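Q: Hey, dropping upload-v6.txt in here, compact mmCIF, C-alpha atoms:
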```
# COMPACT_ATOMS: atom_id res chain seq x y z
CA MET G 212 124.70 81.81 111.61
CA LEU G 213 127.15 79.04 112.43
CA LYS G 214 128.18 79.08 116.08
CA PHE G 215 131.35 77.30 117.16
CA ALA G 216 133.34 77.72 120.35
CA TYR G 217 137.10 77.29 120.15
CA GLN G 218 138.34 74.03 121.67
CA PRO G 219 141.81 72.47 122.03
CA HIS G 220 142.55 69.01 120.69
CA VAL G 221 140.57 66.35 122.52
CA PRO G 222 142.59 64.33 125.07
CA SER G 223 143.77 61.32 123.08
CA TYR G 224 146.83 59.24 122.42
CA TYR G 225 147.40 61.35 119.32
CA ALA G 226 147.26 64.66 121.17
CA ALA G 227 149.58 63.30 123.86
CA THR G 228 152.16 62.33 121.23
CA ALA G 229 151.81 65.25 118.82
CA ASN G 230 155.25 66.30 117.62
CA ASP G 231 154.39 69.75 116.29
CA SER G 232 153.29 72.40 118.79
CA ILE G 233 153.36 75.32 116.34
CA GLY G 234 150.29 77.49 116.81
CA HIS G 235 148.64 79.85 114.36
CA PRO G 236 147.06 83.24 115.13
CA SER G 237 143.38 84.06 114.94
CA LEU G 238 142.26 86.35 112.16
CA GLN G 239 142.07 90.02 113.12
CA GLY G 240 140.90 92.53 110.55
CA ALA G 241 140.46 92.38 106.80
CA ILE G 242 142.65 90.40 104.42
CA SER G 243 142.41 89.21 100.83
CA ALA G 244 143.58 86.12 98.95
CA ASP G 245 143.01 84.17 95.79
CA VAL G 246 141.38 81.35 97.76
CA CYS G 247 139.82 81.13 101.20
CA VAL G 248 139.63 77.59 102.58
CA ILE G 249 137.21 77.05 105.47
CA GLY G 250 138.30 74.13 107.63
CA GLY G 251 141.76 73.18 108.90
CA GLY G 252 141.53 69.41 108.66
CA LEU G 253 143.05 67.12 106.07
CA THR G 254 140.73 68.29 103.29
CA GLY G 255 141.38 71.97 103.82
CA ILE G 256 145.10 71.68 104.48
CA SER G 257 145.62 69.41 101.47
CA THR G 258 143.75 71.89 99.28
CA ALA G 259 145.78 74.80 100.62
CA LEU G 260 149.08 73.00 100.09
CA ASN G 261 148.26 72.04 96.51
CA LEU G 262 147.10 75.56 95.67
CA ALA G 263 150.06 77.27 97.34
CA GLU G 264 152.41 75.05 95.35
CA ARG G 265 150.70 76.34 92.19
CA GLY G 266 151.35 79.94 93.19
CA TYR G 267 147.94 80.90 94.56
CA SER G 268 147.62 83.01 97.68
CA VAL G 269 145.62 80.94 100.17
CA VAL G 270 144.03 81.60 103.57
CA VAL G 271 142.85 78.73 105.78
CA LEU G 272 140.31 79.43 108.53
CA GLU G 273 139.98 76.88 111.33
CA ALA G 274 137.46 77.36 114.14
CA SER G 275 139.56 75.44 116.68
CA LYS G 276 143.00 73.87 116.22
CA ILE G 277 144.44 72.50 112.99
CA GLY G 278 143.40 68.83 112.93
CA TRP G 279 140.84 69.28 115.71
CA GLY G 280 138.12 67.14 114.11
CA ALA G 281 138.22 63.70 112.51
CA SER G 282 141.58 64.46 110.88
CA GLY G 283 143.31 64.34 114.25
CA ARG G 284 141.19 61.69 115.97
CA ASN G 285 140.55 58.87 113.49
CA GLY G 286 141.85 55.31 113.57
CA GLY G 287 144.83 56.17 111.39
CA GLN G 288 144.00 53.55 108.78
CA LEU G 289 145.24 54.44 105.31
CA ILE G 290 143.04 52.42 102.93
CA GLY G 291 143.26 52.91 99.18
CA GLY G 292 139.94 53.39 97.43
CA TYR G 293 136.58 54.53 98.74
CA SER G 294 134.07 53.52 101.39
CA CYS G 295 131.46 52.67 98.76
CA GLY G 296 131.61 49.87 96.24
CA ILE G 297 132.97 50.73 92.81
CA ASP G 298 129.58 50.06 91.20
CA THR G 299 128.21 53.09 93.02
CA PHE G 300 130.20 55.13 90.48
CA ALA G 301 129.19 52.87 87.58
CA GLN G 302 125.59 54.06 87.93
CA TYR G 303 126.61 57.52 86.76
CA MET G 304 129.40 57.10 84.21
CA PRO G 305 130.70 54.82 81.46
CA ARG G 306 133.21 52.05 81.99
CA GLU G 307 136.26 54.10 81.01
CA ASP G 308 135.44 56.75 83.61
CA VAL G 309 134.88 54.12 86.30
CA GLN G 310 138.40 52.95 85.45
CA ARG G 311 139.66 56.50 86.03
CA ILE G 312 137.84 56.70 89.36
CA TRP G 313 139.38 53.37 90.37
CA LYS G 314 142.89 54.57 89.52
CA MET G 315 142.34 57.72 91.54
CA GLY G 316 141.34 55.58 94.51
CA LEU G 317 144.72 53.86 94.32
CA GLU G 318 146.42 57.21 93.73
CA SER G 319 144.90 58.55 96.96
CA ALA G 320 147.08 56.31 99.15
CA GLY G 321 150.10 57.16 97.01
CA ILE G 322 149.46 60.87 97.59
CA VAL G 323 149.82 60.32 101.33
CA ARG G 324 153.07 58.39 100.93
CA GLU G 325 154.45 61.03 98.56
CA ARG G 326 153.58 63.88 100.95
CA VAL G 327 155.14 62.13 103.93
CA GLU G 328 158.39 61.57 102.03
CA LYS G 329 158.54 64.96 100.32
CA HIS G 330 157.92 66.98 103.47
CA ASP G 331 159.66 64.64 105.91
CA ILE G 332 156.51 64.22 108.03
CA ASP G 333 157.14 62.14 111.15
CA CYS G 334 153.81 60.29 111.39
CA ASP G 335 154.79 56.60 111.81
CA LEU G 336 153.65 55.66 108.29
CA THR G 337 153.56 51.86 108.01
CA ARG G 338 152.57 49.68 105.05
CA GLY G 339 150.14 46.78 105.23
CA PHE G 340 146.37 46.53 105.66
CA LEU G 341 144.26 43.43 106.32
CA THR G 342 140.50 42.99 106.01
CA VAL G 343 139.48 39.97 108.08
CA ALA G 344 136.29 37.97 107.50
CA ASN G 345 134.00 37.24 110.43
CA LYS G 346 131.90 34.70 108.52
CA PRO G 347 132.40 32.26 105.63
CA ARG G 348 130.15 34.33 103.37
CA HIS G 349 132.30 37.37 104.13
CA ALA G 350 135.38 35.35 103.15
CA ASP G 351 133.70 34.44 99.86
CA GLN G 352 133.04 38.13 99.21
CA LEU G 353 136.69 39.01 99.87
CA ARG G 354 137.89 36.34 97.43
CA ALA G 355 135.39 37.54 94.85
CA TRP G 356 136.61 41.13 95.22
CA ARG G 357 140.25 40.05 94.81
CA ASP G 358 139.30 38.29 91.57
CA GLU G 359 137.20 41.22 90.32
CA ALA G 360 139.95 43.74 91.04
CA ALA G 361 142.34 41.62 88.98
CA SER G 362 140.01 40.96 86.05
CA ARG G 363 138.19 44.29 85.90
CA PHE G 364 140.96 46.72 86.88
CA ASP G 365 144.15 44.70 86.38
CA TYR G 366 144.99 45.23 90.05
CA HIS G 367 146.97 42.42 91.64
CA GLY G 368 147.82 44.00 94.99
CA TYR G 369 145.31 41.97 96.99
CA GLY G 370 146.41 38.69 98.48
CA TYR G 371 143.82 36.33 99.94
CA ILE G 372 144.82 34.82 103.29
CA GLU G 373 143.48 31.34 103.96
CA PRO G 374 142.41 30.43 107.52
CA ALA G 375 145.49 28.26 108.03
CA GLU G 376 147.72 31.25 107.17
CA LEU G 377 145.85 33.87 109.16
CA SER G 378 147.86 33.45 112.36
CA GLY G 379 150.80 34.91 110.45
CA PHE G 380 148.89 38.21 110.38
CA VAL G 381 146.61 38.26 113.45
CA ASP G 382 146.71 35.99 116.50
CA SER G 383 142.98 35.39 116.91
CA ASP G 384 140.63 32.51 116.17
CA ARG G 385 137.75 34.90 115.53
CA TYR G 386 138.28 35.22 111.78
CA VAL G 387 137.91 32.81 108.85
CA GLY G 388 140.03 34.46 106.17
CA GLY G 389 141.44 37.79 105.11
CA LEU G 390 142.42 40.07 102.26
CA HIS G 391 145.84 41.71 102.48
CA ASP G 392 146.73 44.95 100.70
CA ALA G 393 150.40 45.95 100.82
CA ASP G 394 149.65 49.34 99.20
CA SER G 395 147.53 50.49 102.16
CA GLY G 396 148.63 50.85 105.79
CA HIS G 397 148.40 53.12 108.82
CA LEU G 398 149.82 56.29 110.37
CA HIS G 399 149.52 58.81 113.22
CA PRO G 400 146.76 61.02 111.76
CA LEU G 401 147.27 64.12 113.90
CA ASN G 402 151.00 64.23 113.21
CA TYR G 403 150.28 63.72 109.52
CA THR G 404 147.79 66.63 109.54
CA LEU G 405 150.17 68.90 111.44
CA GLY G 406 152.99 67.97 109.07
CA LEU G 407 150.86 68.89 106.07
CA ALA G 408 149.98 72.18 107.77
CA ARG G 409 153.68 72.94 108.25
CA ALA G 410 154.27 72.18 104.57
CA ALA G 411 151.35 74.40 103.51
CA HIS G 412 152.64 77.26 105.66
CA GLU G 413 156.14 76.88 104.22
CA ALA G 414 154.63 76.93 100.71
CA GLY G 415 153.06 80.32 101.47
CA ALA G 416 149.57 79.56 102.78
CA SER G 417 148.31 81.64 105.72
CA LEU G 418 146.72 79.54 108.47
CA TYR G 419 144.43 80.93 111.16
CA GLU G 420 143.16 79.03 114.21
CA ALA G 421 140.35 80.00 116.61
CA THR G 422 138.70 81.67 113.61
CA CYS G 423 135.17 80.55 112.87
CA ALA G 424 133.66 81.50 109.53
CA SER G 425 130.09 82.65 110.08
CA SER G 426 128.99 83.49 106.53
CA VAL G 427 130.01 83.46 102.88
CA GLU G 428 128.61 86.27 100.75
CA LYS G 429 128.91 87.06 97.06
CA THR G 430 130.76 90.30 96.19
CA ALA G 431 131.57 92.11 92.97
CA ASN G 432 135.03 90.50 92.81
CA GLY G 433 134.36 87.14 94.40
CA HIS G 434 133.29 86.33 97.94
CA ARG G 435 133.57 87.68 101.46
CA VAL G 436 134.01 85.20 104.30
CA THR G 437 133.06 86.87 107.56
CA CYS G 438 134.48 85.85 110.94
CA GLU G 439 134.06 87.21 114.45
CA ARG G 440 136.96 89.70 114.28
CA GLY G 441 137.57 90.10 110.59
CA HIS G 442 136.87 88.92 107.08
CA VAL G 443 138.56 87.48 104.00
CA ASP G 444 137.89 88.68 100.47
CA ALA G 445 138.71 85.93 97.97
CA ARG G 446 138.11 84.98 94.34
CA TYR G 447 137.42 81.38 95.34
CA VAL G 448 136.07 79.69 98.47
CA VAL G 449 136.55 76.06 99.45
CA LEU G 450 134.23 74.53 102.04
CA ALA G 451 136.18 71.81 103.88
CA CYS G 452 134.14 71.60 107.08
CA ASN G 453 132.84 68.03 106.68
CA ALA G 454 130.89 66.92 109.79
CA TYR G 455 131.08 70.45 111.22
CA LEU G 456 129.57 72.30 108.27
CA GLY G 457 126.53 73.33 110.34
CA SER G 458 124.46 76.19 108.90
CA LEU G 459 127.25 77.61 106.74
CA ALA G 460 125.78 75.73 103.74
CA PRO G 461 122.51 73.99 104.73
CA ALA G 462 122.00 72.38 101.32
CA LEU G 463 125.31 70.53 101.73
CA ALA G 464 124.82 69.71 105.40
CA ARG G 465 121.63 67.80 104.58
CA LYS G 466 123.61 65.37 102.42
CA ILE G 467 125.98 64.23 105.17
CA MET G 468 125.45 62.77 108.62
CA PRO G 469 127.91 63.03 111.51
CA ALA G 470 128.51 59.47 112.74
CA GLY G 471 130.34 58.83 115.99
CA THR G 472 133.28 56.46 116.10
CA PHE G 473 135.54 55.74 119.04
CA VAL G 474 139.06 54.54 119.84
CA ILE G 475 140.85 53.19 122.88
CA ALA G 476 144.60 52.78 123.35
CA THR G 477 146.14 50.21 125.64
CA GLU G 478 149.26 50.63 127.67
CA PRO G 479 152.46 49.85 125.70
CA LEU G 480 152.99 46.14 125.22
CA ALA G 481 156.28 44.30 125.29
CA GLU G 482 157.82 43.95 121.84
CA ALA G 483 157.47 40.16 121.74
CA ARG G 484 153.86 40.33 122.84
CA ALA G 485 152.93 42.90 120.22
CA GLN G 486 154.76 40.92 117.55
CA ALA G 487 152.77 37.81 118.47
CA LEU G 488 149.42 39.61 118.15
CA LEU G 489 150.04 41.26 114.77
CA PRO G 490 153.16 39.65 113.28
CA THR G 491 153.29 41.88 110.18
CA ASN G 492 152.23 45.07 112.02
CA ALA G 493 149.42 45.60 109.51
CA ALA G 494 146.32 47.64 110.26
CA VAL G 495 143.25 45.40 110.53
CA CYS G 496 139.54 45.91 109.87
CA ASP G 497 136.83 43.25 110.10
CA THR G 498 133.71 42.72 107.98
CA LYS G 499 130.91 42.82 110.51
CA PHE G 500 128.49 45.71 111.02
CA PRO G 501 129.40 47.92 112.72
CA LEU G 502 133.00 47.03 112.09
CA ASP G 503 135.99 46.88 114.43
CA TYR G 504 139.40 48.18 113.37
CA PHE G 505 142.74 47.97 115.13
CA ARG G 506 146.48 48.45 114.77
CA PHE G 507 149.60 49.12 116.79
CA SER G 508 151.08 52.54 117.46
CA LYS G 509 154.82 53.14 117.18
CA ASP G 510 155.22 52.53 120.93
CA ARG G 511 153.26 49.25 120.67
CA ARG G 512 149.92 50.33 122.08
CA LEU G 513 146.99 48.49 120.56
CA LEU G 514 144.62 51.12 119.14
CA TRP G 515 141.16 49.56 118.98
CA GLY G 516 138.34 51.40 117.22
CA GLY G 517 134.66 50.89 116.53
CA LYS G 518 131.27 51.40 118.18
CA ALA G 519 129.93 53.42 115.27
CA SER G 520 126.98 55.46 116.48
CA ALA G 521 124.41 57.90 115.15
CA SER G 522 124.45 59.65 118.51
CA THR G 523 126.45 62.83 119.05
CA ARG G 524 127.14 61.85 122.67
CA MET G 525 130.10 59.90 124.04
CA PRO G 526 128.80 56.60 125.51
CA ALA G 527 128.95 56.64 129.31
CA THR G 528 130.46 53.16 129.44
CA LEU G 529 132.75 53.62 126.43
CA VAL G 530 135.95 52.21 127.88
CA ALA G 531 134.31 49.08 129.27
CA ALA G 532 132.37 48.42 126.06
CA MET G 533 135.38 48.96 123.81
CA ARG G 534 137.60 46.82 126.02
CA ALA G 535 135.01 44.02 125.93
CA ASP G 536 135.04 44.15 122.12
CA MET G 537 138.82 44.04 122.08
CA LEU G 538 138.87 40.97 124.33
CA LYS G 539 136.55 39.09 121.99
CA THR G 540 139.38 39.17 119.46
CA PHE G 541 142.33 39.16 121.86
CA PRO G 542 141.32 37.48 125.15
CA GLN G 543 145.03 37.24 125.89
CA LEU G 544 144.97 40.99 126.67
CA ALA G 545 142.73 40.58 129.73
CA ASP G 546 145.54 41.86 131.97
CA THR G 547 146.18 44.96 129.84
CA LYS G 548 145.23 48.46 130.98
CA ILE G 549 143.53 51.09 128.83
CA ASP G 550 145.40 54.39 128.91
CA TYR G 551 143.36 56.52 126.50
CA ALA G 552 139.81 56.68 125.15
CA TRP G 553 138.34 59.26 122.79
CA GLY G 554 135.82 59.72 120.03
CA GLY G 555 134.75 61.96 117.20
CA PHE G 556 132.56 62.21 114.15
CA VAL G 557 133.10 61.22 110.56
CA ASP G 558 130.84 62.56 107.83
CA ILE G 559 128.99 59.89 105.90
CA THR G 560 126.82 60.15 102.80
CA MET G 561 123.75 58.07 102.02
CA ASN G 562 125.60 56.03 99.40
CA ARG G 563 129.02 56.24 101.16
CA ALA G 564 130.58 57.83 98.06
CA PRO G 565 132.58 61.04 98.53
CA HIS G 566 130.64 64.20 97.73
CA PHE G 567 132.62 66.75 95.68
CA GLY G 568 131.18 69.68 93.81
CA ARG G 569 130.52 73.42 93.50
CA LEU G 570 127.80 75.46 95.14
CA GLU G 571 128.46 77.99 92.39
CA PRO G 572 131.28 78.32 89.86
CA THR G 573 133.81 79.69 92.37
CA VAL G 574 132.68 77.93 95.59
CA TYR G 575 134.02 74.39 95.86
CA PHE G 576 133.35 71.72 98.49
CA ALA G 577 134.45 68.20 99.41
CA GLN G 578 132.79 66.13 102.11
CA GLY G 579 131.32 62.72 102.89
CA PHE G 580 134.50 60.64 103.11
CA SER G 581 132.58 58.01 105.10
CA GLY G 582 135.57 56.53 106.95
CA HIS G 583 138.17 56.80 104.18
CA GLY G 584 139.24 60.33 104.98
CA VAL G 585 142.95 59.71 105.55
CA ASN G 586 143.47 58.95 101.87
CA VAL G 587 140.54 60.51 99.96
CA THR G 588 141.08 63.95 101.53
CA GLY G 589 144.48 64.07 99.84
CA LEU G 590 142.84 63.29 96.53
CA ALA G 591 140.14 65.90 97.18
CA GLY G 592 142.70 68.60 97.86
CA LEU G 593 144.57 67.78 94.69
CA LEU G 594 141.45 67.68 92.50
CA ILE G 595 140.09 70.97 93.88
CA ALA G 596 143.43 72.63 93.20
CA GLU G 597 143.45 71.21 89.68
CA ALA G 598 139.92 72.51 89.08
CA ILE G 599 140.68 76.01 90.33
CA ASP G 600 143.77 75.92 88.13
CA ALA G 601 141.54 75.27 85.07
CA GLN G 602 142.11 71.49 84.97
CA ALA G 603 138.71 70.32 86.16
CA ALA G 604 138.26 67.05 84.23
CA ARG G 605 139.12 64.74 87.14
CA PHE G 606 137.17 66.76 89.71
CA ASP G 607 134.13 66.83 87.46
CA LEU G 608 133.96 63.03 87.35
CA PHE G 609 132.95 63.07 91.02
CA THR G 610 130.34 65.77 90.48
CA ARG G 611 128.31 63.34 88.34
CA ILE G 612 127.39 61.26 91.39
CA ARG G 613 123.95 62.05 92.76
CA HIS G 614 123.75 62.47 96.52
CA ARG G 615 120.44 62.38 98.37
CA ASP G 616 119.57 64.26 101.54
CA PHE G 617 119.35 62.20 104.69
CA PRO G 618 115.65 61.78 105.47
CA GLY G 619 114.00 63.14 108.59
CA GLY G 620 115.20 66.73 108.71
CA ASN G 621 117.16 68.10 111.64
CA LEU G 622 115.03 66.35 114.28
CA LEU G 623 114.57 62.84 112.90
CA ARG G 624 117.60 62.15 110.72
CA ALA G 625 119.81 60.88 113.57
CA PRO G 626 117.10 58.58 115.03
CA LEU G 627 116.38 57.22 111.56
CA LEU G 628 120.06 56.52 110.99
CA ALA G 629 120.24 54.80 114.38
CA LEU G 630 117.34 52.55 113.37
CA ALA G 631 119.04 51.73 110.07
CA MET G 632 122.27 50.88 111.88
CA ALA G 633 120.41 48.66 114.33
CA TRP G 634 118.70 46.85 111.45
CA ASN G 635 122.01 46.28 109.68
CA THR G 636 123.55 45.00 112.90
CA MET G 637 120.73 42.45 113.35
CA ARG G 638 120.94 41.41 109.70
CA ASP G 639 124.70 40.95 109.97
CA ALA G 640 124.23 38.64 112.97
CA HIS G 641 122.65 35.97 110.72
```
What would you get if you wrote out this structure as structure tokens?

A:
Amino acid sequence: MLKFAYQPHVPSYYAATANDSIGHPSLQGAISADVCVIGGGLTGISTALNLAERGYSVVVLEASKIGWGASGRNGGQLIGGYSCGIDTFAQYMPREDVQRIWKMGLESAGIVRERVEKHDIDCDLTRGFLTVANKPRHADQLRAWRDEAASRFDYHGYGYIEPAELSGFVDSDRYVGGLHDADSGHLHPLNYTLGLARAAHEAGASLYEATCASSVEKTANGHRVTCERGHVDARYVVLACNAYLGSLAPALARKIMPAGTFVIATEPLAEARAQALLPTNAAVCDTKFPLDYFRFSKDRRLLWGGKASASTRMPATLVAAMRADMLKTFPQLADTKIDYAWGGFVDITMNRAPHFGRLEPTVYFAQGFSGHGVNVTGLAGLLIAEAIDAQAARFDLFTRIRHRDFPGGNLLRAPLLALAMAWNTMRDAH
């Protein structure tokens, strides 16, 4: 049985600036619905909103607070596409279907923009994303990808930034080129999640917090989802637990690995100083392993993320280590204080492709966003709703992708991943 103790949002810059304090009750007693969604993060809330808009009765069960996990803690980077390379999909489908997958990757960022506008979600949505190259060979790879996207997919949204032009985007001599994408950007992820939850509630979905689902059992008319103080009877179940799936569905949990990632937030900077560091206010991600990512908040705090880890423990010297990384790129911030530091876990797959599917015909799941959860969760919610509404063609494209279990079982999988990450870090150093 899955055990999970209720917890409030972790202390973070996002929690301190959350603009929606609406709470939701815990489930007491027996209720029924067309669909029961387990997990109140971006995947689950997006699914609930899309289904409620189609007229389905929907119940969302969240063990802690809406947006408690990665949805409310991540770096806030909205990046069109997927964490894996597009040829990961090409192994399992013909060219025309790879084209459809590619278009859905672009659509995923558009879904976020459309939701923010439609529901008037105050989440500091800002356009502009820059991938910066740490090494000349990385710069060559970025140029090659720009050219491939244009020739293979007729996408011309990438602009290559030569070294001489880079200071117009990021004031650092650490990088040797960059790839700019005006269709991607950044936002306040917790406020975005809470805004989606408000929209789902207004559309008719019932949201419950402090309600941990302990089991899903088949019944004559569908499924029963049992919780500590009640249960939900539903025709369909959607598992949207991601890194916190636990023992609710062991076969799925073996195909994802919780990976720690961490963020610090500086004190607010003067407007001129912030403008000098990131003149276009784009979100930035580098190409080394493990990568660094950074952007400004609305009140001009530099949010610096990285330190990917296979450990489930917060590093004891997190603030000092993250600050040291930040100063490698921006030594001019040596006099700047750190006001917030927090971490959390994203769910990664072996091949870094998202993992969508069905455990049985009426039990859907989506997991394994591998660092692209801000955008791909919106796509997942839409595709699950389409599939439940008898329009499964797009969802079923993703079910063709084979996903392997992480090796090592419960005891050795994290150490093995740590070894793999260390190897990749050493390889990237050369």

Q: Record the distance separating atom CA of Pro479 of chain G and atom CA of Arg534 of chain G, expressed in Å with one decimal.

A: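 Computing the Euclidean distance for atom CA of Pro479 of chain G and atom CA of Arg534 of chain G yields 15.2 Å.
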
Q: Between atom CA of Gly457 of chain G and atom CA of Val248 of chain G, what is the spacing in Å?

A: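 For atom CA of Val248 of chain G relative to atom CA of Gly457 of chain G, the distance reads 15.8 Å.
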
Q: List as a PyMOL selection string the protein and nucleic acid residues near Arg324 of chain G, meaning an atom at most 12 Å away when all atoms listed in the file are counted, but skip any in the same chain fewer than 6 places from it.

A: chain G and resi 289-291+317-318+330-338+394-398+403+407+585-586+589

Q: Counting all atoms listed in the file, figure out which residue out of G:His434, G:Gly321, G:Gly471, G:Thr610 gets nearest to Tyr303 of chain G.

A: G:Thr610

Q: Hey, which of G:Phe300, G:Val387, G:Leu513, G:Ala596 ends up closest to His614 of chain G? Count all atoms listed in the file.

A: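 Between G:Phe300, G:Val387, G:Leu513, G:Ala596, the residue approaching His614 of chain G most closely is G:Phe300.
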
Q: Near segment 261-266 of chain G, within 12 Å and counting all atoms listed in the file, which residues show up once chain neighbours fewer than 4 positions away are dropped, as an mmCIF file with C-alpha atoms, in the coordinates of the input?

A:
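The resulting file, result20.cif, is reproduced below:
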```
data_model
loop_
_atom_site.group_PDB
_atom_site.id
_atom_site.type_symbol
_atom_site.label_atom_id
_atom_site.label_comp_id
_atom_site.auth_asym_id
_atom_site.auth_seq_id
_atom_site.Cartn_x
_atom_site.Cartn_y
_atom_site.Cartn_z
ATOM 1 C CA ALA G 244 143.580 86.120 98.950
ATOM 2 C CA ASP G 245 143.010 84.170 95.790
ATOM 3 C CA VAL G 246 141.380 81.350 97.760
ATOM 4 C CA CYS G 247 139.820 81.130 101.200
ATOM 5 C CA VAL G 248 139.630 77.590 102.580
ATOM 6 C CA LEU G 253 143.050 67.120 106.070
ATOM 7 C CA THR G 254 140.730 68.290 103.290
ATOM 8 C CA GLY G 255 141.380 71.970 103.820
ATOM 9 C CA ILE G 256 145.100 71.680 104.480
ATOM 10 C CA SER G 257 145.620 69.410 101.470
ATOM 11 C CA VAL G 270 144.030 81.600 103.570
ATOM 12 C CA VAL G 271 142.850 78.730 105.780
ATOM 13 C CA ILE G 322 149.460 60.870 97.590
ATOM 14 C CA ARG G 326 153.580 63.880 100.950
ATOM 15 C CA LEU G 407 150.860 68.890 106.070
ATOM 16 C CA ALA G 408 149.980 72.180 107.770
ATOM 17 C CA ALA G 410 154.270 72.180 104.570
ATOM 18 C CA ALA G 411 151.350 74.400 103.510
ATOM 19 C CA HIS G 412 152.640 77.260 105.660
ATOM 20 C CA GLU G 413 156.140 76.880 104.220
ATOM 21 C CA ALA G 414 154.630 76.930 100.710
ATOM 22 C CA GLY G 415 153.060 80.320 101.470
ATOM 23 C CA ALA G 416 149.570 79.560 102.780
ATOM 24 C CA SER G 417 148.310 81.640 105.720
ATOM 25 C CA LEU G 418 146.720 79.540 108.470
ATOM 26 C CA TYR G 447 137.420 81.380 95.340
ATOM 27 C CA VAL G 449 136.550 76.060 99.450
ATOM 28 C CA THR G 588 141.080 63.950 101.530
ATOM 29 C CA GLY G 589 144.480 64.070 99.840
ATOM 30 C CA LEU G 590 142.840 63.290 96.530
ATOM 31 C CA ALA G 591 140.140 65.900 97.180
ATOM 32 C CA GLY G 592 142.700 68.600 97.860
ATOM 33 C CA LEU G 593 144.570 67.780 94.690
ATOM 34 C CA LEU G 594 141.450 67.680 92.500
ATOM 35 C CA ILE G 595 140.090 70.970 93.880
ATOM 36 C CA ALA G 596 143.430 72.630 93.200
ATOM 37 C CA GLU G 597 143.450 71.210 89.680
ATOM 38 C CA ALA G 598 139.920 72.510 89.080
ATOM 39 C CA ILE G 599 140.680 76.010 90.330
ATOM 40 C CA ASP G 600 143.770 75.920 88.130
ATOM 41 C CA ALA G 601 141.540 75.270 85.070
#
```

Q: Using all atoms listed in the file, find the one residue out of G:Thr547, G:Ser458, G:Thr437, G:Ser223 that sits nearest to Ala485 of chain G.

A: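 Smallest separation from Ala485 of chain G among the options: G:Thr547.
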
Q: May I have the protein, DNA and RNA residues with an atom at most 12 Å from (130.2, 82.9, 110.5), counting all atoms listed in the file in the file's coordinates, returned as a PyMOL selection string?

A: chain G and resi 212-216+249+272-274+422-428+435-443+456-460

Q: Figure out the distance between atom CA of Ser362 of chain G and atom CA of Ala604 of chain G, please, to one decimal in Å.

A: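 These atoms are spaced 26.2 Å apart.
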
Q: Quick one: residues within 7 Å of segment 559-576 of chain G, only C-alpha atoms counted, chain neighbours fewer than 6 positions away excluded, as a list of chain:residue names?

A: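 Using only C-alpha atoms, the neighbours found are G:Tyr293, G:Ser294, G:Cys295, G:Tyr447, G:Val448, G:Val449, G:Leu450, G:Ala451, G:Lys466, G:Ile467, G:Met468, G:Pro469, G:Ala470, G:Phe609, G:Thr610, G:Arg615, G:Phe617.
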
Q: Between G:Arg284, G:Ala535, G:Leu238, G:Asp358, which has the minimum distance to Gly582 of chain G (counting all atoms listed in the file)?

A: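 Using all atoms listed in the file, the shortest distance to Gly582 of chain G belongs to G:Arg284.
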